[in-house]
$ cat work12.pdb   # PDB, C-alpha atoms
MODEL        1
ATOM      1  CA  MET V  19      -7.517   9.123  10.136
ATOM      2  CA  LYS V  20      -9.274   5.761   9.937
ATOM      3  CA  LEU V  21      -8.538   3.535   6.965
ATOM      4  CA  ASN V  22     -10.088   0.210   6.055
ATOM      5  CA  LYS V  23      -8.267  -2.695   4.429
ATOM      6  CA  ASN V  24      -9.181  -1.689   0.881
ATOM      7  CA  GLN V  25      -7.923   1.856   1.414
ATOM      8  CA  LEU V  26      -4.658   0.604   2.939
ATOM      9  CA  ASP V  27      -4.190  -1.794   0.021
ATOM     10  CA  LEU V  28      -4.772   0.994  -2.507
ATOM     11  CA  LEU V  29      -2.414   3.364  -0.702
ATOM     12  CA  GLY V  30       0.241   0.654  -0.544
ATOM     13  CA  THR V  31      -0.126  -0.009  -4.267
ATOM     14  CA  VAL V  32       0.153   3.680  -5.138
ATOM     15  CA  LEU V  33       3.267   4.127  -2.997
ATOM     16  CA  GLY V  34       4.822   1.021  -4.525
ATOM     17  CA  VAL V  35       4.163   2.340  -8.017
ATOM     18  CA  VAL V  36       5.655   5.742  -7.142
ATOM     19  CA  ALA V  37       8.797   4.097  -5.759
ATOM     20  CA  GLY V  38       9.121   1.783  -8.759
ATOM     21  CA  VAL V  39       8.539   4.438 -11.413
ATOM     22  CA  SER V  40      10.939   6.801  -9.684
ATOM     23  CA  THR V  41      13.626   4.112  -9.641
ATOM     24  CA  VAL V  42      13.120   3.295 -13.329
ATOM     25  CA  LEU V  43      13.169   6.952 -14.364
ATOM     26  CA  THR V  44      16.345   7.513 -12.357
ATOM     27  CA  THR V  45      18.007   4.449 -13.871
ATOM     28  CA  GLN V  46      17.119   5.611 -17.378
ATOM     29  CA  GLY V  47      18.507   9.084 -16.697
ATOM     30  CA  VAL V  48      15.159  10.822 -17.151
ATOM     31  CA  ILE V  49      15.277  12.452 -13.710
ATOM     32  CA  ASN V  50      18.130  13.553 -11.499
ATOM     33  CA  GLN V  51      19.587  10.870  -9.216
ATOM     34  CA  LYS V  52      19.118  12.953  -6.075
ATOM     35  CA  VAL V  53      15.473  13.671  -6.861
ATOM     36  CA  GLY V  54      14.737  10.100  -7.943
ATOM     37  CA  GLY V  55      16.470   8.612  -4.936
ATOM     38  CA  SER V  56      14.659  10.939  -2.569
ATOM     39  CA  VAL V  57      11.224  10.276  -4.057
ATOM     40  CA  SER V  58      11.823   6.532  -4.152
ATOM     41  CA  GLY V  59      13.184   6.488  -0.606
ATOM     42  CA  ILE V  60      10.326   8.491   0.864
ATOM     43  CA  ALA V  61       7.737   6.366  -0.947
ATOM     44  CA  THR V  62       9.408   3.192   0.297
ATOM     45  CA  VAL V  63       9.478   4.403   3.901
ATOM     46  CA  LEU V  64       5.799   5.379   3.742
ATOM     47  CA  LEU V  65       4.994   2.036   2.157
ATOM     48  CA  GLY V  66       6.686   0.275   5.068
ATOM     49  CA  VAL V  67       4.632   2.270   7.551
ATOM     50  CA  ILE V  68       1.374   1.623   5.683
ATOM     51  CA  VAL V  69       2.007  -2.115   5.359
ATOM     52  CA  GLN V  70       2.501  -2.446   9.125
ATOM     53  CA  ARG V  71      -0.530  -0.341  10.052
ATOM     54  CA  PRO V  72      -3.630  -2.211  11.255
ATOM     55  CA  THR V  73      -6.998  -1.189   9.873
ATOM     56  CA  ASP V  74      -9.097   1.137  12.019
ATOM     57  CA  ALA V  75     -12.307   1.237   9.982
ATOM     58  CA  GLU V  76     -14.737  -1.298   8.582
ATOM     59  CA  PRO V  77     -14.061  -3.669   6.912
ATOM     60  CA  THR V  78     -11.070  -4.733   8.969
ATOM     61  CA  THR V  79      -8.440  -7.090   7.632
ATOM     62  CA  GLN V  80      -9.923  -9.928   9.673
ATOM     63  CA  GLN V  81     -13.409  -9.320   8.263
ATOM     64  CA  VAL V  82     -12.135  -9.304   4.683
ATOM     65  CA  GLU V  83     -10.181 -12.524   5.241
ATOM     66  CA  GLN V  84     -13.212 -14.233   6.803
ATOM     67  CA  GLU V  85     -15.352 -13.193   3.819
ATOM     68  CA  GLU V  86     -12.757 -14.581   1.405
ATOM     69  CA  VAL V  87     -12.758 -17.898   3.255
ATOM     70  CA  LYS V  88     -16.564 -18.059   3.063
ATOM     71  CA  GLN V  89     -16.474 -17.390  -0.682
ATOM     72  CA  THR V  90     -13.908 -20.114  -1.357
ATOM     73  CA  LYS V  91     -15.937 -22.703   0.571
ATOM     74  CA  VAL V  92     -19.039 -22.107  -1.564
TER      75      VAL V  92
ENDMDL
END
$ encode --input "work12.pdb" --output "structure tokens"
Amino acid sequence: MKLNKNQLDLLGTVLGVVAGVSTVLTTQGVINQKVGGSVSGIATVLLGVIVQRPTDAEPTTQQVEQEEVKQTKV
């Protein structure tokens, strides 16, 4: 599966939100500690994998960064 930078960023954000919400709900006693810990742990592991994954599709991370540099110079 090929993902571009924007898709990787969105996936990373979603996984971060899942991990954070799961942790908060567990802390507040809304969900079981085992379930909350498992969901949060799995989301965090996947987030780590996604963050380290290079982009395979257009636009690549390098292309996005070059475009941002061009926009700031204008």
$ closest_atom_pairs --input "work12.pdb" --of "stretch 24-50 of chain V" --to "stretch 67-83 of chain V" --cutoff "9 Å" --atoms "only C-alpha atoms" --output "tab-separated table"
residue	atom	partner	partner_atom	distance
V:Asn24	CA	V:Pro77	CA	8.0
V:Leu26	CA	V:Ile68	CA	6.7
V:Asp27	CA	V:Val69	CA	8.2
V:Leu29	CA	V:Ile68	CA	7.6
V:Gly30	CA	V:Ile68	CA	6.4
$ write_last_selection --input "work12.pdb" --atoms "C-alpha atoms" --output "compact mmCIF listing (two decimals), in the frame of the given file"
# COMPACT_ATOMS: atom_id res chain seq x y z
CA ASN V 24 -9.18 -1.69 0.88
CA LEU V 26 -4.66 0.60 2.94
CA ASP V 27 -4.19 -1.79 0.02
CA LEU V 29 -2.41 3.36 -0.70
CA GLY V 30 0.24 0.65 -0.54
$ resolve_selection --input "work12.pdb" --expression "the PyMOL selection byres ((chain V and resi 41) around 12)" --output "PyMOL selection string"
chain V and resi 34-40+42-62
$ write_last_selection --input "work12.pdb" --atoms "C-alpha atoms" --output "PDB file, in the coordinates of the input"
ATOM      1  CA  GLY V  34       4.822   1.021  -4.525  1.00  0.00           C
ATOM      2  CA  VAL V  35       4.163   2.340  -8.017  1.00  0.00           C
ATOM      3  CA  VAL V  36       5.655   5.742  -7.142  1.00  0.00           C
ATOM      4  CA  ALA V  37       8.797   4.097  -5.759  1.00  0.00           C
ATOM      5  CA  GLY V  38       9.121   1.783  -8.759  1.00  0.00           C
ATOM      6  CA  VAL V  39       8.539   4.438 -11.413  1.00  0.00           C
ATOM      7  CA  SER V  40      10.939   6.801  -9.684  1.00  0.00           C
ATOM      8  CA  VAL V  42      13.120   3.295 -13.329  1.00  0.00           C
ATOM      9  CA  LEU V  43      13.169   6.952 -14.364  1.00  0.00           C
ATOM     10  CA  THR V  44      16.345   7.513 -12.357  1.00  0.00           C
ATOM     11  CA  THR V  45      18.007   4.449 -13.871  1.00  0.00           C
ATOM     12  CA  GLN V  46      17.119   5.611 -17.378  1.00  0.00           C
ATOM     13  CA  GLY V  47      18.507   9.084 -16.697  1.00  0.00           C
ATOM     14  CA  VAL V  48      15.159  10.822 -17.151  1.00  0.00           C
ATOM     15  CA  ILE V  49      15.277  12.452 -13.710  1.00  0.00           C
ATOM     16  CA  ASN V  50      18.130  13.553 -11.499  1.00  0.00           C
ATOM     17  CA  GLN V  51      19.587  10.870  -9.216  1.00  0.00           C
ATOM     18  CA  LYS V  52      19.118  12.953  -6.075  1.00  0.00           C
ATOM     19  CA  VAL V  53      15.473  13.671  -6.861  1.00  0.00           C
ATOM     20  CA  GLY V  54      14.737  10.100  -7.943  1.00  0.00           C
ATOM     21  CA  GLY V  55      16.470   8.612  -4.936  1.00  0.00           C
ATOM     22  CA  SER V  56      14.659  10.939  -2.569  1.00  0.00           C
ATOM     23  CA  VAL V  57      11.224  10.276  -4.057  1.00  0.00           C
ATOM     24  CA  SER V  58      11.823   6.532  -4.152  1.00  0.00           C
ATOM     25  CA  GLY V  59      13.184   6.488  -0.606  1.00  0.00           C
ATOM     26  CA  ILE V  60      10.326   8.491   0.864  1.00  0.00           C
ATOM     27  CA  ALA V  61       7.737   6.366  -0.947  1.00  0.00           C
ATOM     28  CA  THR V  62       9.408   3.192   0.297  1.00  0.00           C
TER      29      THR V  62
END
$ atom_distance --input "work12.pdb" --atom1 "atom CA of V:Lys23" --atom2 "atom CA of V:Val63"
19.1 Å
